[in-house]
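To keep things clear, I will list the structure first and then write my remarks on it.
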Amino acid sequence: MLTCTYAIVCGQTPINRQALVERHNVTLHQADTLAALTLGNGNFAFTVDVTGLQTFPEAYSKGIPLGTQSGWGWHSFPNTAGYNIADTYQPYHLQGRDITYAVQKKNAPAVEYFRQNVHRLQLGTVGFLILKKNGQAAALTDLKQVDQVLDLWNGEIRSSFIIEGIPVKVRTVVHPHKDLVSIKVISPLVKQGRLKIRIRLPYPTGEFADAGANYQDPDRHQSSVLKPGLIIHQLDTTRYFLNYSPINTSSPHLHEFLLTLDEEITIEFSPHEAQDLPSFAQTENDSRRYWQAFWKRGAAVDFSGSTDPRAFELERRVVLSQYLMAVQCAGYMPPQETGLTYNSWYGKPHLEMYWWHAVHFALWGRADLMQKSLQWYETVADKARAIAQRQGYQGMRWQKMTDPWGNESPSSVGAFLIWQQPHFIYMAELLYRQHPEVLAKYQSLVAATADFMASYAWYDSTTHHYILGKGLIPAQERFKPEDTFNPTFELAYWHWGLQTAQLWRERAGLPRNPEWDKVLQGLSPLPQQDGIYLAAESAPDSYTRPYYMTDHPAVLGTLGMLPASPALDTGIMHHTLNKIWTSWDWKDTWGWDFPLTCMTAVRLGEPEKAIDALFMKIRTNTWLPNGHNYQDDRLRLYLPGNGGLLTAVALMCAGYDGCTVKEPGIPKNGKWKVKWEGLQPMP
């Protein structure tokens with residue numbers, strides 16, 4: 001096992017972390033709607049345009065939208081038809097019995113209702129109203145000499161621009177512990193009354209990707225100035241407040257408020273009325289302390305001195321990904337795939353993606369940021385147990401597409417996924433390695449997770465093996481649940497998860513669970529054909545049917561996300577990687593598929609292929625100036641790609657349990673020079 005986890009232990013000079021971070025500050029000199037910048041604290045995020053505020057939301061609505069979202073901001077449309085989640089259940093006859101799943105059905109209004117509700121709210125836009133000399137509102141094209149910097153080290157955005165020859169300078173910060181944005185503006189336009197704060201409060205669109213620009217339903221919600229410095233917004237049964245310094249406020253249109261600006265203003269979004277708002281200087285100081293402490297603790301990786309032309313770009317992606325994941329994904333529940341900027345899948349988290357959102361925090365020495373959301377599983381455990389009981393299983397079946405309270409959302413795919421089940425054990429294990437005291441805290445949840453896994457596997461008296469499925473969809477979502485059984489990755493993950501759960505029992509002084517051992521000893525072998533691992537035993541045409549050569553090459557996770565299991569043949573996995581590398585339809589993949597491939601290459605001893613995987617020239621592997629991983633017009637940012645990159649780089653540098661190669665993912669061709677501190681090895 002690698003023991004060198006800090007550069008100083010290896011005799012290296014400590015990394016100059018401030019210089020490392022600051023050389024990747026984001027600088028913009030023109031409006032780029034895919035380069036909007038975000039400030040936040042993990043539970044609240046505020047995304048701005050080149051003015052430093054959310055002045056032109058319509059212009060950015062098809063790029064990185066100008067969102068304001070929080071962990072508490074959720075809303076449901078009234079259930080006037082009295083739909084019940086049971087209306088979405090459909091029985092499937094599997095393993096000799098009927099099992100109900102909450103699935104999508106055509107022309108089923110209950111399904112659409114429960115997919116759409118609850119949904120995360122766009123809380124509103126806080127922008128400027130900039131008046132030109134002729135009294136008209138300035139447009140984005142009226143801004144000249146734009147200069148904007150995201151100061152990563154201090155967590156601050158500094159923006160400047162010129163309107164009709166008059167300069168405007170803006171500094172924007174978000175409080176590290178409150179849902180609060182504070183700004184300071186210096187411009188002659190302030191005293192002239194030509195620069196005001198404009199707040200707009202939208203109503204939800206109810207769409208898959210609500211970008212917060214719905215101002216077409218003014219009669220469906222209510223907003224008003226409750227008292228000086230306090231705006232209330234009521235949307236059906238959801239209510240929240242905007243607290244700000246008591247200054248002149250007018251409301252020229254429904255759900256629009258103009259605030260007189262006196263150089264600085266602080267605005268807090270809250271489900272409650274607030275008092276004693278901090279000043280800009282206080283918020284700025286708190287932000288600086290928080291972000292400097294963030295960068296100084298945990299891990300760092302420095303690629304300076306490398307001659308490979310990709311090294312600087314890899315370092316940029318790594319630095320910006322750390323920032324974005326801390327801003328977007330370090331909250332008190334698993335995040336959505338587009339974080340706290342705009343909605344994807346109605347703003348609901350997908351628990352199979354949680355691995356990609358959170359594992360890196362533990363590997364980068366910031367396990368506390370993973371622990372914040374891992375604790376959420378305790379609050380939804382009853383709902384997970386109810387799903388398992390309804391389907392006739394033991395323990396807890398963790399949700400897939402869910403909400404803050406653990407309710408299911410019907411899905412034609414999500415209802416049948418199972419690879420989110422061992423995630424909890426994986427992350428609890430990572431946390432235990434750094435904080436053994438969590439053994440008592442999470443022992444019962446680890447056990448309940450394993451109970452479900454063991455009871456889900458059914459014994460086939462013909463093959464004398466335990467089988468996963470039928471009635472599942474693998475991580476590679478290309479297979480029909482009615483036909484699919486024994487996917488390779490899930491078999492390996494089941495083995496690792498149950499074995500680790502047994503280890504937790506032993507650590508607690510308990511005997512091994514005999515039911516878990518039965519499954520471990522009898523689990524089906526990893527399916528292969530012609531010396532290559534199949535996607536699933538039920539898919540012998542895994543590499544001959546073109547449709548099966550798209551989406552996630554999840555079979556690679558068998559040795560990549562996971563360590564080698566006793567049942568794995570690394571030679572066969574090597575052939576599998578080569579087959580996928582040369583034959584996969586890479587244009588039909590997702591952002592985390594590239595770090596997934598990288599990790600498999602690392603564990604197979606192919607560091608140059610690992611680097612090549614991270615730099616495949618595929619649209620879904622596009623990295624924007626602000627560090628976001630672009631997928632397509634629907635998903636203009638995709639945080640599992642960022643989290644996956646950080647996990648892959650940790651493996652490349654710190655290795656894994658039992659690894660004897662120094663920096664196993666860094667090519668030894670003389671072109672790469674890497675210094676790293678604080679990374680933890682993977683299992």
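A note on labels: chains of the structure tokens are A, B, ... as shown, every chain counts residues from 1, and ligands are counted from 1 in their shown order.
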Report the residues of region 339-537 of chain A whose backbone DSSP state falls under alpha helix (DSSP H), written as an MDAnalysis selection string. chainID A and resid 354:363 367:374 376:379 381:390 423:434 438:456 488:507 514:522
Out of region 413-463 of chain A, which residues get strand (DSSP E or B) from DSSP, as a list of chain:residue names? A:Leu417, A:Trp458, A:Tyr459, A:Asp460
Excluding same-chain residues fewer than 6 positions from region 110-115 of chain A, what lies within 6 Å of it counting only C-alpha atoms, as a list in words?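 Result of the neighbour search: Tyr83, Thr88, Gln104 and Ser409 of chain A.
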I need the residues from that last selection saved to file as a short mmCIF file (atom, residue, chain, number, x, y, z; two decimals), in the first residue's frame (with C-alpha atoms), if you can.
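As a result, out14.cif now contains:
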```cif
data_model
loop_
_atom_site.label_atom_id
_atom_site.label_comp_id
_atom_site.auth_asym_id
_atom_site.auth_seq_id
_atom_site.Cartn_x
_atom_site.Cartn_y
_atom_site.Cartn_z
CA TYR A 83 -52.68 11.53 -7.66
CA THR A 88 -47.42 4.76 -11.11
CA GLN A 104 -43.09 5.79 -16.75
CA SER A 409 -39.91 9.41 -8.97
#
```
